[in-house]
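File shown here: protein.cif, holding mmCIF, C-alpha atoms.
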```
data_work
#
loop_
_atom_site.label_atom_id
_atom_site.label_comp_id
_atom_site.auth_asym_id
_atom_site.auth_seq_id
_atom_site.Cartn_x
_atom_site.Cartn_y
_atom_site.Cartn_z
CA MET A 940 28.18 -48.01 79.97
CA PRO A 941 26.42 -46.73 76.83
CA PRO A 942 24.05 -49.26 75.24
CA GLY A 943 25.71 -51.39 72.58
CA HIS A 944 29.24 -50.53 73.64
CA GLY A 945 29.95 -53.38 76.04
CA PRO A 946 31.83 -56.60 75.35
CA ARG A 947 30.31 -58.86 72.71
CA PRO A 948 30.02 -62.65 73.07
CA GLY A 949 33.05 -64.32 71.57
CA VAL A 950 35.02 -61.06 71.40
CA PRO A 951 38.19 -61.01 73.55
CA GLU A 952 38.30 -58.47 76.39
CA ALA A 953 41.17 -56.05 76.76
CA VAL A 954 44.26 -57.02 78.71
CA GLY A 955 46.44 -54.08 79.70
CA ARG A 956 46.92 -51.06 77.43
CA VAL A 957 45.05 -50.69 74.17
CA THR A 958 45.93 -48.23 71.41
CA CYS A 959 43.65 -46.56 68.91
CA VAL A 960 43.08 -48.82 65.93
CA CYS A 961 40.90 -47.09 63.35
CA LEU A 962 40.20 -48.20 59.81
CA LEU A 963 39.85 -46.56 56.39
CA VAL A 964 38.76 -48.55 53.34
CA VAL A 965 38.72 -46.73 50.01
CA ALA A 966 37.59 -47.60 46.48
CA SER A 967 39.25 -45.05 44.20
CA ARG A 968 38.21 -44.94 40.53
CA VAL A 969 36.88 -48.49 40.73
CA VAL A 970 33.13 -47.99 40.28
CA ALA A 971 31.62 -46.44 37.16
CA GLY A 972 29.69 -43.34 38.15
CA GLU A 973 31.14 -43.25 41.69
CA PRO A 974 34.87 -42.53 41.47
CA LEU A 975 35.37 -42.41 45.25
CA ILE A 976 33.75 -44.56 47.95
CA VAL A 977 35.09 -44.45 51.51
CA GLY A 978 34.29 -46.55 54.57
CA ALA A 979 35.65 -45.57 57.97
CA ASN A 980 35.46 -46.77 61.58
CA ARG A 981 36.52 -44.59 64.48
CA ASP A 982 37.76 -46.44 67.58
CA GLU A 983 38.22 -44.47 70.78
CA LEU A 984 37.77 -44.43 74.55
CA LEU A 985 34.05 -44.67 75.26
CA GLU A 986 34.14 -41.75 77.68
CA ARG A 987 35.80 -39.31 75.25
CA PRO A 988 33.15 -36.81 74.08
CA SER A 989 32.56 -36.62 70.35
CA THR A 990 29.94 -35.93 67.71
CA ALA A 991 29.58 -38.58 64.99
CA VAL A 992 28.79 -36.08 62.21
CA THR A 993 28.22 -32.34 61.99
CA VAL A 994 29.10 -29.30 59.90
CA LEU A 995 32.78 -28.66 60.55
CA GLY A 996 33.03 -25.56 58.40
CA GLU A 997 30.48 -23.40 56.58
CA GLY A 998 33.02 -22.63 53.87
CA PRO A 999 33.12 -22.32 51.06
CA PRO A 1000 33.58 -25.18 50.68
CA ARG A 1001 31.24 -26.58 53.30
CA VAL A 1002 32.96 -29.35 55.27
CA VAL A 1003 31.15 -32.17 57.08
CA GLY A 1004 32.49 -34.91 59.34
CA GLY A 1005 32.90 -36.14 62.89
CA ARG A 1006 34.19 -33.91 65.65
CA ASP A 1007 36.26 -34.73 68.72
CA GLU A 1008 34.81 -32.43 71.37
CA LEU A 1009 38.05 -32.32 73.38
CA SER A 1010 40.38 -31.26 70.59
CA ALA A 1011 37.80 -29.85 68.12
CA GLY A 1012 39.54 -31.90 65.43
CA THR A 1013 38.26 -34.76 63.28
CA TRP A 1014 39.20 -38.21 62.05
CA LEU A 1015 37.31 -37.86 58.74
CA ALA A 1016 36.28 -34.75 56.81
CA VAL A 1017 34.57 -34.45 53.42
CA ASN A 1018 33.63 -31.31 51.52
CA GLU A 1019 30.94 -30.43 49.02
CA HIS A 1020 33.40 -30.81 46.11
CA GLY A 1021 34.04 -34.47 46.95
CA VAL A 1022 37.42 -34.08 48.67
CA CYS A 1023 37.63 -36.61 51.51
CA ALA A 1024 40.44 -36.81 54.09
CA GLY A 1025 40.72 -39.54 56.71
CA LEU A 1026 43.34 -40.01 59.42
CA THR A 1027 44.73 -42.84 61.54
CA ASN A 1028 47.01 -42.18 64.50
CA GLN A 1029 50.49 -43.57 64.96
CA PRO A 1030 50.34 -45.51 68.26
CA LEU A 1031 52.83 -43.83 70.60
CA GLY A 1032 51.82 -44.96 74.10
CA ASP A 1033 53.70 -43.02 76.76
CA ALA A 1034 55.78 -41.30 74.05
CA LYS A 1035 52.79 -39.19 72.97
CA ASP A 1036 53.60 -35.51 73.44
CA LEU A 1037 50.54 -33.77 74.88
CA SER A 1038 52.04 -30.34 74.15
CA LYS A 1039 51.84 -30.84 70.39
CA ARG A 1040 49.02 -29.68 68.14
CA SER A 1041 46.03 -31.95 67.57
CA ARG A 1042 46.34 -34.35 64.64
CA GLY A 1043 42.64 -33.77 64.06
CA GLU A 1044 43.52 -30.40 62.50
CA LEU A 1045 44.95 -32.14 59.44
CA PRO A 1046 41.81 -33.60 57.80
CA LEU A 1047 40.09 -30.26 58.38
CA ALA A 1048 42.90 -28.37 56.67
CA LEU A 1049 42.86 -30.78 53.73
CA ALA A 1050 39.09 -30.57 53.26
CA ARG A 1051 39.23 -26.79 52.80
CA HIS A 1052 40.47 -27.27 49.24
CA SER A 1053 38.57 -27.96 46.01
CA THR A 1054 40.83 -30.81 44.87
CA ALA A 1055 42.91 -33.46 46.61
CA ALA A 1056 46.03 -32.37 44.72
CA ASP A 1057 45.66 -28.76 45.91
CA ALA A 1058 45.04 -30.01 49.44
CA ILE A 1059 48.22 -32.07 49.45
CA ALA A 1060 50.33 -29.21 48.08
CA ALA A 1061 49.01 -26.83 50.73
CA LEU A 1062 49.49 -29.36 53.54
CA LEU A 1063 53.12 -30.07 52.68
CA ALA A 1064 53.90 -26.36 52.31
CA ALA A 1065 52.29 -25.10 55.51
CA PHE A 1066 52.24 -27.99 58.01
CA HIS A 1067 55.12 -29.91 59.57
CA PRO A 1068 55.10 -33.41 61.14
CA ALA A 1069 57.27 -32.28 64.05
CA ASP A 1070 54.40 -30.11 65.30
CA TYR A 1071 52.14 -33.15 65.72
CA ASN A 1072 52.19 -36.64 67.11
CA GLY A 1073 52.49 -39.03 64.19
CA SER A 1074 49.66 -39.93 61.84
CA TRP A 1075 48.87 -41.27 58.39
CA LEU A 1076 46.16 -40.05 56.03
CA LEU A 1077 44.31 -40.95 52.87
CA VAL A 1078 43.12 -37.96 50.83
CA GLY A 1079 41.06 -38.37 47.67
CA ASP A 1080 38.57 -36.88 45.26
CA ARG A 1081 37.02 -37.89 41.94
CA THR A 1082 40.34 -38.05 40.07
CA SER A 1083 43.08 -38.98 42.55
CA LEU A 1084 43.99 -40.54 45.88
CA PHE A 1085 47.05 -39.81 48.03
CA PHE A 1086 48.67 -41.50 51.00
CA VAL A 1087 50.30 -39.06 53.44
CA ASP A 1088 52.94 -40.03 56.01
CA PHE A 1089 53.01 -37.38 58.74
CA THR A 1090 55.39 -39.05 61.18
CA GLY A 1091 58.86 -38.14 62.38
CA SER A 1092 60.60 -34.77 62.39
CA GLY A 1093 61.31 -34.30 58.69
CA ASP A 1094 59.02 -33.19 55.89
CA GLY A 1095 55.65 -34.79 55.30
CA LEU A 1096 55.54 -37.36 52.51
CA ALA A 1097 52.70 -37.79 50.00
CA VAL A 1098 52.41 -40.60 47.45
CA GLU A 1099 49.76 -40.65 44.71
CA LEU A 1100 48.04 -44.06 44.60
CA PRO A 1101 46.74 -45.96 41.57
CA PRO A 1102 43.05 -46.76 41.07
CA GLY A 1103 41.90 -49.65 43.23
CA PHE A 1104 41.04 -50.64 46.78
CA HIS A 1105 43.24 -49.22 49.52
CA VAL A 1106 43.18 -50.04 53.25
CA LEU A 1107 44.75 -47.97 56.02
CA GLU A 1108 44.90 -48.90 59.69
CA ASN A 1109 47.20 -47.55 62.40
CA ARG A 1110 50.30 -48.50 60.47
CA ALA A 1111 51.92 -47.01 57.39
CA LEU A 1112 50.39 -48.02 54.07
CA GLY A 1113 52.20 -51.08 52.77
CA GLU A 1114 53.57 -52.12 56.17
CA THR A 1115 52.93 -55.75 57.10
CA SER A 1116 49.49 -55.92 58.70
CA PRO A 1117 47.40 -59.02 59.47
CA LYS A 1118 44.45 -56.65 59.89
CA VAL A 1119 44.77 -55.23 56.38
CA ASP A 1120 45.18 -58.76 55.00
CA LEU A 1121 41.96 -59.84 56.71
CA VAL A 1122 40.11 -56.75 55.45
CA ARG A 1123 41.11 -57.50 51.88
CA GLU A 1124 40.04 -61.12 52.29
CA THR A 1125 36.68 -60.02 53.73
CA LEU A 1126 35.96 -57.51 50.96
CA ASP A 1127 36.01 -60.23 48.29
CA ILE A 1128 34.80 -57.91 45.50
CA GLY A 1129 34.78 -59.04 41.88
CA ALA A 1130 35.82 -57.18 38.75
CA GLU A 1131 33.86 -54.09 37.67
CA PRO A 1132 31.65 -53.92 40.79
CA GLY A 1133 28.68 -51.62 41.19
CA GLY A 1134 28.51 -49.01 43.92
CA ASP A 1135 25.96 -50.94 45.99
CA GLU A 1136 28.14 -54.06 45.87
CA VAL A 1137 31.14 -52.09 47.14
CA VAL A 1138 29.14 -50.42 49.91
CA ASP A 1139 27.68 -53.76 51.02
CA ALA A 1140 31.20 -55.20 51.20
CA PHE A 1141 32.45 -52.17 53.13
CA ARG A 1142 29.60 -52.42 55.63
CA ARG A 1143 30.21 -56.15 56.14
CA THR A 1144 33.92 -55.46 56.65
CA LEU A 1145 33.43 -52.55 59.05
CA ALA A 1146 31.17 -54.71 61.26
CA ASP A 1147 33.62 -57.66 61.43
CA HIS A 1148 34.54 -58.69 65.01
CA ARG A 1149 37.31 -61.15 64.15
CA ASN A 1150 40.77 -60.44 65.51
CA PRO A 1151 43.32 -61.15 62.75
CA GLU A 1152 45.41 -64.24 63.30
CA GLY A 1153 48.84 -63.25 64.54
CA ASP A 1154 47.76 -59.79 65.73
CA GLU A 1155 48.18 -59.62 69.51
CA ARG A 1156 46.38 -56.29 69.96
CA PRO A 1157 43.15 -56.98 71.90
CA ASN A 1158 41.38 -54.35 69.82
CA ALA A 1159 42.65 -55.31 66.37
CA ALA A 1160 39.21 -56.28 65.06
CA ASN A 1161 37.44 -53.89 62.68
CA CYS A 1162 34.49 -53.49 65.06
CA VAL A 1163 35.68 -53.31 68.65
CA HIS A 1164 33.73 -53.89 71.88
CA LEU A 1165 35.83 -53.60 75.03
CA GLU A 1166 34.95 -52.39 78.51
CA ARG A 1167 36.25 -48.84 78.14
CA PHE A 1168 37.23 -48.70 74.47
CA GLY A 1169 35.47 -49.49 71.21
CA THR A 1170 34.19 -48.50 67.81
CA ARG A 1171 32.36 -45.24 68.45
CA SER A 1172 31.04 -44.51 64.96
CA SER A 1173 31.20 -45.57 61.32
CA CYS A 1174 30.82 -43.65 58.07
CA ILE A 1175 30.24 -44.36 54.38
CA VAL A 1176 30.98 -41.66 51.78
CA ARG A 1177 29.89 -42.01 48.14
CA VAL A 1178 31.23 -39.39 45.73
CA PRO A 1179 29.34 -39.40 42.41
CA SER A 1180 30.70 -38.38 39.03
CA GLY A 1181 29.87 -34.81 38.07
CA THR A 1182 29.51 -31.98 40.55
CA ALA A 1183 26.84 -33.15 43.02
CA ALA A 1184 27.73 -33.19 46.71
CA PRO A 1185 28.79 -36.57 48.15
CA GLY A 1186 26.38 -39.00 49.71
CA LEU A 1187 27.11 -39.46 53.40
CA TRP A 1188 25.79 -42.07 55.85
CA VAL A 1189 26.84 -42.29 59.50
CA ALA A 1190 26.29 -44.88 62.24
CA ASP A 1191 26.53 -43.17 65.63
CA GLY A 1192 27.76 -46.32 67.34
CA PRO A 1193 29.25 -49.71 66.43
CA PRO A 1194 28.16 -50.55 62.86
CA CYS A 1195 27.29 -54.12 63.80
CA ILE A 1196 24.28 -52.91 65.80
CA THR A 1197 23.78 -49.27 64.75
CA ALA A 1198 21.92 -48.21 61.62
CA TYR A 1199 23.57 -45.87 59.14
CA GLU A 1200 21.60 -42.62 58.88
CA ASP A 1201 21.59 -40.38 55.82
CA ALA A 1202 23.51 -37.20 56.70
CA ALA A 1203 23.27 -35.50 53.28
CA GLY A 1204 21.00 -32.84 54.80
CA LEU A 1205 24.11 -31.28 56.34
CA TRP A 1206 25.06 -29.99 52.89
CA GLY A 1207 22.21 -27.52 53.25
CA PRO A 1208 19.56 -26.48 50.73
CA ARG A 1209 21.77 -26.76 47.65
CA PRO A 1210 20.68 -29.35 45.04
CA THR A 1211 22.14 -32.81 45.55
CA GLN A 1212 21.74 -35.63 43.04
CA SER A 1213 21.75 -38.94 44.88
CA LEU A 1214 22.64 -42.08 42.98
CA THR A 1215 20.48 -44.16 45.31
CA SER A 1216 17.85 -43.37 47.90
CA GLY A 1217 19.80 -45.23 50.57
CA LEU A 1218 23.16 -46.90 51.00
#
```
Can you turn what I pasted into structure tokens?
Amino acid sequence: MPPGHGPRPGVPEAVGRVTCVCLLVVASRVVAGEPLIVGANRDELLERPSTAVTVLGEGPPRVVGGRDELSAGTWLAVNEHGVCAGLTNQPLGDAKDLSKRSRGELPLALARHSTAADAIAALLAAFHPADYNGSWLLVGDRTSLFFVDFTGSGDGLAVELPPGFHVLENRALGETSPKVDLVRETLDIGAEPGGDEVVDAFRRTLADHRNPEGDERPNAANCVHLERFGTRSSCIVRVPSGTAAPGLWVADGPPCITAYEDAAGLWGPRPTQSLTSGL
């Protein structure tokens, strides 16, 4: 078993089947000078090969994010313009259709555009939920944030969201979720927060091992440590005002025990104005 991926003291072990339970936490147009901040955990089978962060597309625009080495897709992609697209899977169990296209194509397709609005328009015009197993996405940039429902056999649905904090797990946005309720309680961020305050709250939340009360999934915690399944990586994205490339920090392992490393070098030699030297 890889170091740091085994069961943690006080964390319940899996019983029977577990389903992917990933997490996206987004601050959209909340922080002055940083209109988009994203925190994400990726939970997956420990044996499934993946790369925590790499260049997904040379572009333009250049796209950076994690890569699933089986499907070549991603769970989170961000481009040099500040467009960020994250995905959570609809749990399907035995109903998952292995003949369908990889859901990991969708964040990649979205991150090929210079604005979130253009990305959404292109997605809804060219991609169809029936071709994929179900998923939900959050797609944002400096000026907007969208929730996308890509489940079922009809057309995809996109809803523009207001400024604020938004939390997406493996359920539709707005659906009853003890996990989302616990995330919001854990964030505990005051009015007019600074970027560092938001990032500190995101990191604390992403490393939380508590299973929400009333949630019977053995892997419903934000940071999961089971025998064969767990939180494989974590990411923080900070999109500054202006035109500089986003800040990007990635933990290649559970965020409770794995340091976040600065991945901004993947943008290449172009000038990047960082708001802070670290997270």
Hits of the PyMOL selection byres ((chain A and resi 973-979) around 6) in this structure, as a compact mmCIF listing (two decimals) with C-alpha atoms, in the frame of the given file:
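Everything below was put into part05.txt:
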```txt
# COMPACT_ATOMS: atom_id res chain seq x y z
CA LEU A 962 40.20 -48.20 59.81
CA LEU A 963 39.85 -46.56 56.39
CA VAL A 964 38.76 -48.55 53.34
CA VAL A 965 38.72 -46.73 50.01
CA ALA A 966 37.59 -47.60 46.48
CA SER A 967 39.25 -45.05 44.20
CA ARG A 968 38.21 -44.94 40.53
CA VAL A 970 33.13 -47.99 40.28
CA ALA A 971 31.62 -46.44 37.16
CA GLY A 972 29.69 -43.34 38.15
CA ASN A 980 35.46 -46.77 61.58
CA ARG A 1081 37.02 -37.89 41.94
CA SER A 1173 31.20 -45.57 61.32
CA CYS A 1174 30.82 -43.65 58.07
CA ILE A 1175 30.24 -44.36 54.38
CA VAL A 1176 30.98 -41.66 51.78
CA ARG A 1177 29.89 -42.01 48.14
CA VAL A 1178 31.23 -39.39 45.73
CA PRO A 1179 29.34 -39.40 42.41
CA SER A 1180 30.70 -38.38 39.03
```
What is the distance, in Å and to one decimal place, between CA of Ala1202 in chain A and CA of Gly998 in chain A?
->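 We find that CA of Ala1202 in chain A and CA of Gly998 in chain A lie 17.6 Å from each other.
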Looking at all atoms listed in the file, which of A:Arg1142, A:His1052, A:Arg1110, A:Arg1040 is the one that sits closest to Pro1068 in chain A?
->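 The closest residue to Pro1068 in chain A is A:Arg1040.
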Using the chain letters and numbering of this document, enumerate as a list in words the residues selected by the PyMOL selection byres ((chain A and resi 1044) around 9).
->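 Output of the PyMOL selection byres ((chain A and resi 1044) around 9): Ser1010, Ala1011, Gly1012, Thr1013, Trp1014, Arg1040, Ser1041, Arg1042, Gly1043, Leu1045, Pro1046, Leu1047, Ala1048 and Leu1049 of chain A.
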Distance query range 1084-1092 of chain A at most 8 Å, only C-alpha atoms, self and fewer than 5 positions along chain excluded, as a PDB file with C-alpha atoms, in the frame of the given file:
```
ATOM      1  CA  SER A 967      39.250 -45.050  44.200  1.00  0.00           C
ATOM      2  CA  GLN A1029      50.490 -43.570  64.960  1.00  0.00           C
ATOM      3  CA  ALA A1055      42.910 -33.460  46.610  1.00  0.00           C
ATOM      4  CA  ILE A1059      48.220 -32.070  49.450  1.00  0.00           C
ATOM      5  CA  HIS A1067      55.120 -29.910  59.570  1.00  0.00           C
ATOM      6  CA  PRO A1068      55.100 -33.410  61.140  1.00  0.00           C
ATOM      7  CA  ALA A1069      57.270 -32.280  64.050  1.00  0.00           C
ATOM      8  CA  ASN A1072      52.190 -36.640  67.110  1.00  0.00           C
ATOM      9  CA  GLY A1073      52.490 -39.030  64.190  1.00  0.00           C
ATOM     10  CA  SER A1074      49.660 -39.930  61.840  1.00  0.00           C
ATOM     11  CA  TRP A1075      48.870 -41.270  58.390  1.00  0.00           C
ATOM     12  CA  LEU A1076      46.160 -40.050  56.030  1.00  0.00           C
ATOM     13  CA  LEU A1077      44.310 -40.950  52.870  1.00  0.00           C
ATOM     14  CA  VAL A1078      43.120 -37.960  50.830  1.00  0.00           C
ATOM     15  CA  GLY A1079      41.060 -38.370  47.670  1.00  0.00           C
ATOM     16  CA  ALA A1097      52.700 -37.790  50.000  1.00  0.00           C
ATOM     17  CA  VAL A1098      52.410 -40.600  47.450  1.00  0.00           C
ATOM     18  CA  GLU A1099      49.760 -40.650  44.710  1.00  0.00           C
ATOM     19  CA  LEU A1100      48.040 -44.060  44.600  1.00  0.00           C
ATOM     20  CA  PRO A1101      46.740 -45.960  41.570  1.00  0.00           C
ATOM     21  CA  PRO A1102      43.050 -46.760  41.070  1.00  0.00           C
ATOM     22  CA  ALA A1111      51.920 -47.010  57.390  1.00  0.00           C
ATOM     23  CA  LEU A1112      50.390 -48.020  54.070  1.00  0.00           C
TER      24      LEU A1112
END
```
Polymer residues at most 8 Å from (41.5, -53.4, 66.8) by all atoms listed in the file, as JSON, numbers by chain = {"A": [959, 960, 961, 982, 1150, 1156, 1157, 1158, 1159, 1160, 1161, 1162, 1163]}
Could you tell me which residues the PyMOL selection byres ((chain A and resi 1005) around 10) returns for this structure, as a list in words?
->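 Applying the PyMOL selection byres ((chain A and resi 1005) around 10) to the structure shown produces Arg981, Ser989, Thr990, Ala991, Val992, Thr993, Val994, Leu995, Val1003, Gly1004, Arg1006, Asp1007, Glu1008, Ala1011, Gly1012, Thr1013, Trp1014, Leu1015, Ala1016, Val1017, Ser1172, Ser1173, Cys1174, Val1189 and Asp1191 of chain A.
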With only C-alpha atoms as the atoms that count, which of A:Gly1207, A:Cys1023, A:Thr1054, A:Gly1169 lies nearest to Gly1192 in chain A?
-> A:Gly1169
Find the distance between CA of Leu1096 in chain A and CA of Thr1170 in chain A and write it in Å to one decimal.
->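 Going from CA of Leu1096 in chain A over to CA of Thr1170 in chain A, I get 28.5 Å.
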Excluding same-chain residues fewer than 2 positions from Ile1128 in chain A, what lies within 8 Å of it counting all atoms listed in the file, as a PyMOL selection string?
-> chain A and resi 1126+1130+1132+1136-1137+1140
Minimum-distance residue to Phe1141 in chain A, chosen among A:Leu1031, A:Ala1056, A:Val1122, A:Leu1205 (using only C-alpha atoms) = A:Val1122
Can you tell me how far CA of Pro999 in chain A sits from CA of Glu1200 in chain A, in Å to one decimal?
-> 24.6 Å
From A:Leu1009, A:Ala1034, A:Ala1061, A:Leu1218, residue lying nearest Glu986 in chain A [all atoms listed in the file] =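 For Glu986 in chain A, the nearest of the given residues is A:Leu1009.
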